[in-house]
>>> print(open('coords_32.cif').read())   # mmCIF, C-alpha atoms
data_work
#
loop_
_atom_site.label_atom_id
_atom_site.label_comp_id
_atom_site.auth_asym_id
_atom_site.auth_seq_id
_atom_site.Cartn_x
_atom_site.Cartn_y
_atom_site.Cartn_z
CA MET A 1 51.98 -88.07 -3.25
CA SER A 2 52.85 -89.00 -6.84
CA VAL A 3 52.71 -86.80 -9.92
CA PHE A 4 49.99 -88.99 -11.38
CA THR A 5 47.73 -88.41 -8.41
CA LEU A 6 48.08 -84.59 -8.70
CA ARG A 7 47.16 -84.77 -12.36
CA ARG A 8 44.05 -86.83 -11.60
CA LEU A 9 42.92 -84.32 -8.97
CA SER A 10 43.48 -81.44 -11.36
CA ALA A 11 41.53 -83.17 -14.10
CA ALA A 12 38.67 -83.98 -11.72
CA ALA A 13 38.54 -80.36 -10.62
CA ALA A 14 38.48 -79.19 -14.24
CA LEU A 15 35.65 -81.59 -15.11
CA SER A 16 33.76 -80.48 -12.05
CA ALA A 17 34.08 -76.85 -13.13
CA LEU A 18 32.90 -77.65 -16.64
CA ALA A 19 29.92 -79.59 -15.35
CA ALA A 20 28.77 -76.89 -12.99
CA PRO A 21 26.88 -74.90 -15.64
CA ALA A 22 24.77 -77.98 -16.42
CA PHE A 23 23.09 -77.58 -13.03
CA ALA A 24 22.49 -73.84 -13.43
CA GLY A 25 19.42 -74.26 -15.56
CA GLY A 26 17.20 -74.19 -12.47
CA PHE A 27 18.09 -70.54 -11.66
CA ALA A 28 15.98 -67.77 -13.27
CA GLU A 29 17.74 -64.95 -15.04
CA PRO A 30 17.77 -61.72 -13.06
CA VAL A 31 14.84 -59.44 -13.90
CA PRO A 32 15.74 -55.76 -14.06
CA VAL A 33 13.90 -53.74 -11.41
CA PRO A 34 12.22 -50.69 -12.95
CA VAL A 35 13.47 -47.41 -11.54
CA VAL A 36 10.53 -45.36 -10.28
CA PRO A 37 11.41 -41.67 -10.27
CA ALA A 38 10.72 -39.75 -7.09
CA PRO A 39 7.57 -37.62 -7.26
CA VAL A 40 8.28 -34.05 -8.30
CA VAL A 41 6.79 -31.58 -5.84
CA PRO A 42 6.25 -28.20 -7.51
CA VAL A 43 7.82 -25.32 -5.65
CA VAL A 44 5.27 -22.56 -5.18
CA PRO A 45 7.02 -19.19 -5.09
CA VAL A 46 6.20 -17.25 -1.95
CA ALA A 47 6.30 -13.49 -2.09
CA PRO A 48 8.85 -12.09 0.31
CA SER A 49 7.40 -10.65 3.48
CA GLY A 50 8.71 -7.46 4.97
CA ASP A 51 8.39 -6.16 8.50
CA TRP A 52 6.39 -2.94 8.61
CA THR A 53 5.99 -2.93 12.39
CA GLY A 54 7.01 0.28 14.11
CA GLY A 55 6.45 4.00 14.41
CA TYR A 56 7.22 6.49 11.69
CA VAL A 57 7.30 10.22 10.93
CA GLY A 58 7.42 11.82 7.52
CA GLY A 59 6.73 14.80 5.33
CA GLN A 60 4.69 15.41 2.23
CA VAL A 61 4.62 17.87 -0.65
CA GLY A 62 2.15 17.83 -3.51
CA MET A 63 -0.77 19.40 -5.31
CA GLY A 64 -4.32 19.48 -4.08
CA THR A 65 -7.73 20.24 -5.56
CA LEU A 66 -10.61 21.80 -3.66
CA ASP A 67 -14.14 21.22 -4.94
CA TYR A 68 -16.65 23.49 -3.29
CA SER A 69 -20.29 24.44 -3.73
CA LEU A 70 -22.54 27.06 -2.18
CA GLU A 71 -26.10 26.10 -1.36
CA ALA A 72 -29.14 28.18 -0.61
CA GLU A 73 -32.70 27.55 0.43
CA ASP A 74 -35.62 29.26 -1.26
CA GLU A 75 -38.91 30.38 0.25
CA PHE A 76 -40.43 26.98 -0.39
CA GLY A 77 -37.76 25.19 1.63
CA ASP A 78 -35.99 23.68 -1.39
CA THR A 79 -32.20 23.60 -1.38
CA PHE A 80 -30.29 24.39 -4.53
CA ILE A 81 -26.66 24.96 -5.51
CA PHE A 82 -26.05 28.36 -7.02
CA GLU A 83 -22.27 28.29 -7.25
CA SER A 84 -19.57 25.63 -7.53
CA ASP A 85 -15.99 25.54 -8.70
CA ASP A 86 -12.64 23.75 -8.42
CA PHE A 87 -9.38 25.27 -7.21
CA GLU A 88 -5.85 23.90 -7.09
CA GLY A 89 -2.75 24.70 -5.08
CA MET A 90 0.32 23.39 -3.30
CA THR A 91 0.04 21.19 -0.22
CA TYR A 92 2.73 20.37 2.33
CA GLY A 93 2.74 18.89 5.79
CA LEU A 94 3.82 16.26 8.28
CA GLN A 95 2.49 12.89 9.35
CA ALA A 96 3.23 10.41 12.12
CA GLY A 97 1.85 7.00 12.90
CA TYR A 98 2.38 3.43 14.00
CA MET A 99 1.85 0.16 12.11
CA GLN A 100 1.72 -3.45 13.27
CA ASP A 101 2.64 -6.22 10.81
CA PHE A 102 0.60 -9.41 11.38
CA GLY A 103 2.28 -11.38 8.59
CA ARG A 104 0.44 -10.49 5.42
CA PHE A 105 -1.92 -7.97 7.04
CA VAL A 106 -0.71 -4.61 8.29
CA LEU A 107 -2.86 -2.36 10.48
CA GLY A 108 -2.04 1.03 11.94
CA GLY A 109 -3.08 4.58 12.70
CA GLU A 110 -1.86 7.95 11.47
CA VAL A 111 -2.11 11.65 12.30
CA ALA A 112 -1.39 14.17 9.53
CA TYR A 113 -1.35 17.96 9.45
CA VAL A 114 -1.44 19.42 5.94
CA MET A 115 -1.14 23.12 5.06
CA THR A 116 -2.27 24.37 1.67
CA GLN A 117 -2.02 27.28 -0.69
CA ILE A 118 -5.46 26.60 -2.12
CA GLY A 119 -7.70 29.64 -2.34
CA GLU A 120 -9.34 32.16 -4.61
CA GLU A 121 -10.22 35.85 -4.68
CA PHE A 122 -13.32 37.23 -6.33
CA VAL A 123 -13.14 40.92 -7.26
CA ASP A 124 -15.99 43.13 -8.46
CA GLU A 125 -14.32 46.25 -9.84
CA GLU A 126 -17.64 47.93 -10.59
CA PHE A 127 -18.69 47.99 -6.94
CA ASP A 128 -15.13 47.91 -5.56
CA THR A 129 -15.76 44.78 -3.53
CA SER A 130 -13.77 41.61 -3.10
CA ASP A 131 -14.24 38.27 -1.42
CA GLU A 132 -11.50 35.77 -0.77
CA PHE A 133 -11.36 32.37 0.80
CA SER A 134 -8.43 30.06 1.50
CA LEU A 135 -8.14 26.52 2.75
CA ASP A 136 -5.42 27.04 5.36
CA SER A 137 -4.92 23.55 6.76
CA VAL A 138 -6.41 20.10 7.22
CA LEU A 139 -5.96 17.86 10.27
CA ARG A 140 -6.50 14.14 9.67
CA ILE A 141 -6.73 11.32 12.20
CA GLY A 142 -7.45 7.86 10.89
CA ALA A 143 -6.53 4.23 10.32
CA ARG A 144 -4.51 2.42 7.68
CA ALA A 145 -4.86 -1.19 6.55
CA GLY A 146 -2.52 -2.76 4.04
CA PHE A 147 -1.10 -5.93 2.49
CA ASP A 148 2.52 -6.88 3.20
CA ALA A 149 4.05 -7.67 -0.21
CA GLY A 150 7.66 -7.41 0.89
CA ARG A 151 9.07 -3.97 0.17
CA ILE A 152 5.71 -2.89 -1.27
CA LEU A 153 2.74 -2.03 0.96
CA PRO A 154 -0.53 -1.20 -0.83
CA TYR A 155 -2.99 0.23 1.67
CA ALA A 156 -6.36 1.88 2.21
CA THR A 157 -6.92 4.68 4.69
CA GLY A 158 -9.79 6.65 6.16
CA GLY A 159 -10.87 8.62 9.20
CA TRP A 160 -11.88 12.02 10.59
CA ALA A 161 -10.72 15.36 9.16
CA ARG A 162 -11.00 19.01 10.17
CA ALA A 163 -10.44 21.81 7.65
CA ASN A 164 -9.57 25.38 8.65
CA VAL A 165 -10.85 27.98 6.18
CA THR A 166 -10.41 31.77 6.18
CA PHE A 167 -12.93 34.12 4.58
CA SER A 168 -11.95 37.73 3.99
CA GLY A 169 -12.81 40.69 1.77
CA THR A 170 -14.19 44.19 1.59
CA ASP A 171 -17.56 45.70 0.75
CA GLY A 172 -16.02 48.90 -0.60
CA VAL A 173 -15.98 50.57 2.81
CA ASP A 174 -15.26 48.03 5.50
CA SER A 175 -13.13 44.89 5.36
CA TYR A 176 -13.76 41.65 7.15
CA GLU A 177 -11.93 38.44 7.98
CA GLU A 178 -13.19 35.36 9.78
CA GLU A 179 -12.04 31.81 10.27
CA GLU A 180 -14.22 28.73 10.30
CA THR A 181 -13.65 25.01 10.81
CA PHE A 182 -15.43 22.23 8.99
CA ASP A 183 -15.46 18.62 10.16
CA GLY A 184 -15.85 15.64 7.90
CA PHE A 185 -14.42 12.30 6.85
CA TYR A 186 -11.68 11.34 4.44
CA TYR A 187 -10.75 8.14 2.64
CA GLY A 188 -8.17 7.09 0.11
CA ALA A 189 -5.60 4.54 -1.01
CA GLY A 190 -1.89 4.48 -1.68
CA VAL A 191 1.29 2.44 -1.94
CA ASP A 192 4.40 2.59 0.26
CA TYR A 193 7.74 1.34 -1.03
CA ALA A 194 10.57 0.59 1.40
CA LEU A 195 13.77 2.08 -0.01
CA THR A 196 15.73 0.72 2.96
CA ASP A 197 14.85 -0.75 6.35
CA ARG A 198 14.45 2.79 7.69
CA PHE A 199 13.17 4.88 4.78
CA SER A 200 10.13 4.49 2.56
#
>>> encode(input="coords_32.cif", output="structure tokens")
Amino acid sequence: MSVFTLRRLSAAAALSALAAPAFAGGFAEPVPVPVVPAPVVPVVPVAPSGDWTGGYVGGQVGMGTLDYSLEAEDEFGDTFIFESDDFEGMTYGLQAGYMQDFGRFVLGGEVAYVMTQIGEEFVDEEFDTSDEFSLDSVLRIGARAGFDAGRILPYATGGWARANVTFSGTDGVDSYEEEETFDGFYYGAGVDYALTDRFS
């Protein structure tokens, strides 16, 4: 092949390359595709859930208040209160129970025995008489229902209670002492906080 022929082929190729854009008018320019952001799903914080299932034993120390009233019935059959007062003293005792954690709801039962130093002595120096009463102990058996909020367990409680009371004194000559029991119901509310997995 001659040099002239190579130059003609090169020139034809160059013209062909220059002419190519003339045929590109039929193609549309690329349209940018809008970027649609992914939907943002809000993250709802969920309170941590603890596990309060299991048995427990514990102790308690505190202060207690006893509200009491004495009632009498007159000759017409009407009942009236002729004496009432409030007394305070130390309380201490033990409790044991079992709780079952159902997720957010906690249900259980508890037995508690509380001893007290609540009492009062009434002395009449003129007649040399005295009367004393003391709330010796209270036995409680009841249920507990609470909300599992992680390490915190707010709860309500209620059930049956029996109080042991001692009455004693002297009439100036003879002394007496007798014990009585009184049955009733109790109710209340509280909050447990789990210090560790084994202590609250």
>>> closest_residue(input="coords_32.cif", among="A:Phe76, A:Gly103, A:Phe127, A:Arg151", to="Arg198 (chain A)", atoms="all atoms listed in the file")
A:Arg151
>>> closest_residue(input="coords_32.cif", among="A:Asp78, A:Asp51, A:Glu88, A:Asp131", to="Gly64 (chain A)", atoms="all atoms listed in the file")
A:Glu88
>>> atom_distance(input="coords_32.cif", atom1="CA of Ile118 (chain A)", atom2="CA of Ala189 (chain A)")
22.1 Å
>>> closest_residue(input="coords_32.cif", among="A:Gly55, A:Gly62, A:Gly109, A:Gly119", to="Phe167 (chain A)", atoms="all atoms listed in the file")
A:Gly119
>>> residues_around(input="coords_32.cif", residues="Gly184 (chain A)", least_positions_apart="6", cutoff="12 Å", atoms="all atoms listed in the file", output="number ranges by chain")
A: 138-142, 158-164
>>> atom_distance(input="coords_32.cif", atom1="CA of Arg104 (chain A)", atom2="CA of Ile152 (chain A)")
11.4 Å
>>> atom_distance(input="coords_32.cif", atom1="CA of Tyr176 (chain A)", atom2="CA of Asp85 (chain A)")
22.7 Å
>>> closest_residue(input="coords_32.cif", among="A:Met115, A:Leu135, A:Leu153, A:Leu66", to="Phe182 (chain A)", atoms="all atoms listed in the file")
A:Leu135
>>> resolve_selection(input="coords_32.cif", expression="the PyMOL selection byres ((chain A and resi 150) around 12)", output="PyMOL selection string")
chain A and resi 46-52+101+103-106+146-149+151-154+192-197
>>> write_last_selection(input="coords_32.cif", atoms="C-alpha atoms", output="CSV table (one decimal), keeping the file's coordinate frame")
chain,number,residue,atom,x,y,z
A,46,VAL,CA,6.2,-17.2,-2.0
A,47,ALA,CA,6.3,-13.5,-2.1
A,48,PRO,CA,8.8,-12.1,0.3
A,49,SER,CA,7.4,-10.6,3.5
A,50,GLY,CA,8.7,-7.5,5.0
A,51,ASP,CA,8.4,-6.2,8.5
A,52,TRP,CA,6.4,-2.9,8.6
A,101,ASP,CA,2.6,-6.2,10.8
A,103,GLY,CA,2.3,-11.4,8.6
A,104,ARG,CA,0.4,-10.5,5.4
A,105,PHE,CA,-1.9,-8.0,7.0
A,106,VAL,CA,-0.7,-4.6,8.3
A,146,GLY,CA,-2.5,-2.8,4.0
A,147,PHE,CA,-1.1,-5.9,2.5
A,148,ASP,CA,2.5,-6.9,3.2
A,149,ALA,CA,4.0,-7.7,-0.2
A,151,ARG,CA,9.1,-4.0,0.2
A,152,ILE,CA,5.7,-2.9,-1.3
A,153,LEU,CA,2.7,-2.0,1.0
A,154,PRO,CA,-0.5,-1.2,-0.8
A,192,ASP,CA,4.4,2.6,0.3
A,193,TYR,CA,7.7,1.3,-1.0
A,194,ALA,CA,10.6,0.6,1.4
A,195,LEU,CA,13.8,2.1,0.0
A,196,THR,CA,15.7,0.7,3.0
A,197,ASP,CA,14.8,-0.8,6.4
>>> residues_around(input="coords_32.cif", residues="Thr170 (chain A)", least_positions_apart="4", cutoff="12 Å", atoms="all atoms listed in the file", output="compact mmCIF listing (two decimals) with C-alpha atoms, in the coordinates of the input")
# COMPACT_ATOMS: atom_id res chain seq x y z
CA GLU A 121 -10.22 35.85 -4.68
CA PHE A 122 -13.32 37.23 -6.33
CA VAL A 123 -13.14 40.92 -7.26
CA ASP A 124 -15.99 43.13 -8.46
CA GLU A 125 -14.32 46.25 -9.84
CA PHE A 127 -18.69 47.99 -6.94
CA ASP A 128 -15.13 47.91 -5.56
CA THR A 129 -15.76 44.78 -3.53
CA SER A 130 -13.77 41.61 -3.10
CA ASP A 131 -14.24 38.27 -1.42
CA GLU A 132 -11.50 35.77 -0.77
CA ASP A 174 -15.26 48.03 5.50
CA SER A 175 -13.13 44.89 5.36
CA TYR A 176 -13.76 41.65 7.15
CA GLU A 177 -11.93 38.44 7.98
>>> axis_aligned_box(input="coords_32.cif", around="region 124-142 of chain A", padding_each_side="3 Å", output="AutoDock Vina command-line options")
--center_x -11.8 --center_y 27.9 --center_z 0.8 --size_x 19.8 --size_y 46.1 --size_z 28.8
>>> closest_residue(input="coords_32.cif", among="A:Arg144, A:Gly190, A:Ala96, A:Phe133", to="Glu178 (chain A)", atoms="only C-alpha atoms")
A:Phe133
>>> build_atoms(input="coords_32.cif", residues="region 175-186 of chain A", atoms="all heavy atoms", output="compact mmCIF listing (two decimals), in the frame of the given file")
# COMPACT_ATOMS: atom_id res chain seq x y z
N SER A 175 -13.71 46.19 5.68
CA SER A 175 -13.13 44.89 5.36
C SER A 175 -13.47 43.90 6.47
O SER A 175 -13.77 44.29 7.61
CB SER A 175 -11.61 44.99 5.20
OG SER A 175 -11.02 45.46 6.38
N TYR A 176 -13.42 42.67 6.17
CA TYR A 176 -13.76 41.65 7.15
C TYR A 176 -12.80 40.48 6.97
O TYR A 176 -12.20 40.28 5.92
CB TYR A 176 -15.21 41.18 6.98
CG TYR A 176 -15.44 40.37 5.73
CD1 TYR A 176 -15.36 38.98 5.76
CD2 TYR A 176 -15.72 40.99 4.51
CE1 TYR A 176 -15.56 38.23 4.62
CE2 TYR A 176 -15.92 40.25 3.37
CZ TYR A 176 -15.83 38.87 3.42
OH TYR A 176 -16.02 38.13 2.28
N GLU A 177 -12.70 39.68 8.00
CA GLU A 177 -11.93 38.44 7.98
C GLU A 177 -12.43 37.55 9.10
O GLU A 177 -12.54 37.99 10.24
CB GLU A 177 -10.43 38.68 8.15
CG GLU A 177 -9.61 37.39 8.13
CD GLU A 177 -8.11 37.64 8.17
OE1 GLU A 177 -7.65 38.57 7.48
OE2 GLU A 177 -7.41 36.92 8.91
N GLU A 178 -12.73 36.33 8.77
CA GLU A 178 -13.19 35.36 9.78
C GLU A 178 -12.71 33.97 9.41
O GLU A 178 -12.50 33.65 8.24
CB GLU A 178 -14.72 35.39 9.89
CG GLU A 178 -15.45 35.05 8.62
CD GLU A 178 -16.96 35.15 8.76
OE1 GLU A 178 -17.42 36.09 9.44
OE2 GLU A 178 -17.65 34.30 8.20
N GLU A 179 -12.50 33.18 10.45
CA GLU A 179 -12.04 31.81 10.27
C GLU A 179 -13.13 30.84 10.70
O GLU A 179 -13.83 31.08 11.69
CB GLU A 179 -10.77 31.55 11.08
CG GLU A 179 -9.58 32.39 10.65
CD GLU A 179 -8.34 32.08 11.46
OE1 GLU A 179 -8.43 31.25 12.38
OE2 GLU A 179 -7.28 32.67 11.16
N GLU A 180 -13.24 29.76 9.98
CA GLU A 180 -14.22 28.73 10.30
C GLU A 180 -13.57 27.36 10.18
O GLU A 180 -12.59 27.18 9.44
CB GLU A 180 -15.43 28.80 9.38
CG GLU A 180 -16.31 30.03 9.59
CD GLU A 180 -17.62 29.92 8.83
OE1 GLU A 180 -18.15 28.78 8.74
OE2 GLU A 180 -18.10 30.95 8.34
N THR A 181 -14.11 26.40 10.90
CA THR A 181 -13.65 25.01 10.81
C THR A 181 -14.79 24.14 10.32
O THR A 181 -15.96 24.37 10.67
CB THR A 181 -13.14 24.49 12.16
OG1 THR A 181 -14.20 24.57 13.13
CG2 THR A 181 -11.95 25.32 12.64
N PHE A 182 -14.45 23.16 9.53
CA PHE A 182 -15.43 22.23 8.99
C PHE A 182 -14.94 20.82 9.25
O PHE A 182 -13.80 20.48 8.93
CB PHE A 182 -15.61 22.45 7.48
CG PHE A 182 -16.09 23.82 7.11
CD1 PHE A 182 -15.19 24.85 6.85
CD2 PHE A 182 -17.45 24.10 7.04
CE1 PHE A 182 -15.63 26.11 6.51
CE2 PHE A 182 -17.90 25.37 6.71
CZ PHE A 182 -16.99 26.38 6.44
N ASP A 183 -15.80 20.01 9.86
CA ASP A 183 -15.46 18.62 10.16
C ASP A 183 -16.07 17.69 9.12
O ASP A 183 -17.16 17.93 8.60
CB ASP A 183 -15.97 18.22 11.55
CG ASP A 183 -15.23 18.96 12.65
OD1 ASP A 183 -14.14 19.46 12.38
OD2 ASP A 183 -15.75 19.02 13.78
N GLY A 184 -15.36 16.63 8.85
CA GLY A 184 -15.85 15.64 7.90
C GLY A 184 -15.04 14.37 7.97
O GLY A 184 -14.34 14.11 8.95
N PHE A 185 -15.13 13.57 6.93
CA PHE A 185 -14.42 12.30 6.85
C PHE A 185 -13.58 12.26 5.58
O PHE A 185 -13.90 12.91 4.59
CB PHE A 185 -15.40 11.12 6.87
CG PHE A 185 -16.18 11.02 8.15
CD1 PHE A 185 -17.44 11.57 8.25
CD2 PHE A 185 -15.64 10.37 9.25
CE1 PHE A 185 -18.16 11.49 9.43
CE2 PHE A 185 -16.35 10.28 10.44
CZ PHE A 185 -17.61 10.85 10.53
N TYR A 186 -12.53 11.51 5.62
CA TYR A 186 -11.68 11.34 4.44
C TYR A 186 -11.44 9.85 4.20
O TYR A 186 -11.58 9.03 5.11
CB TYR A 186 -10.33 12.07 4.62
CG TYR A 186 -9.36 11.36 5.53
CD1 TYR A 186 -8.42 10.45 5.03
CD2 TYR A 186 -9.38 11.58 6.91
CE1 TYR A 186 -7.53 9.79 5.86
CE2 TYR A 186 -8.49 10.93 7.75
CZ TYR A 186 -7.58 10.03 7.22
OH TYR A 186 -6.71 9.38 8.05
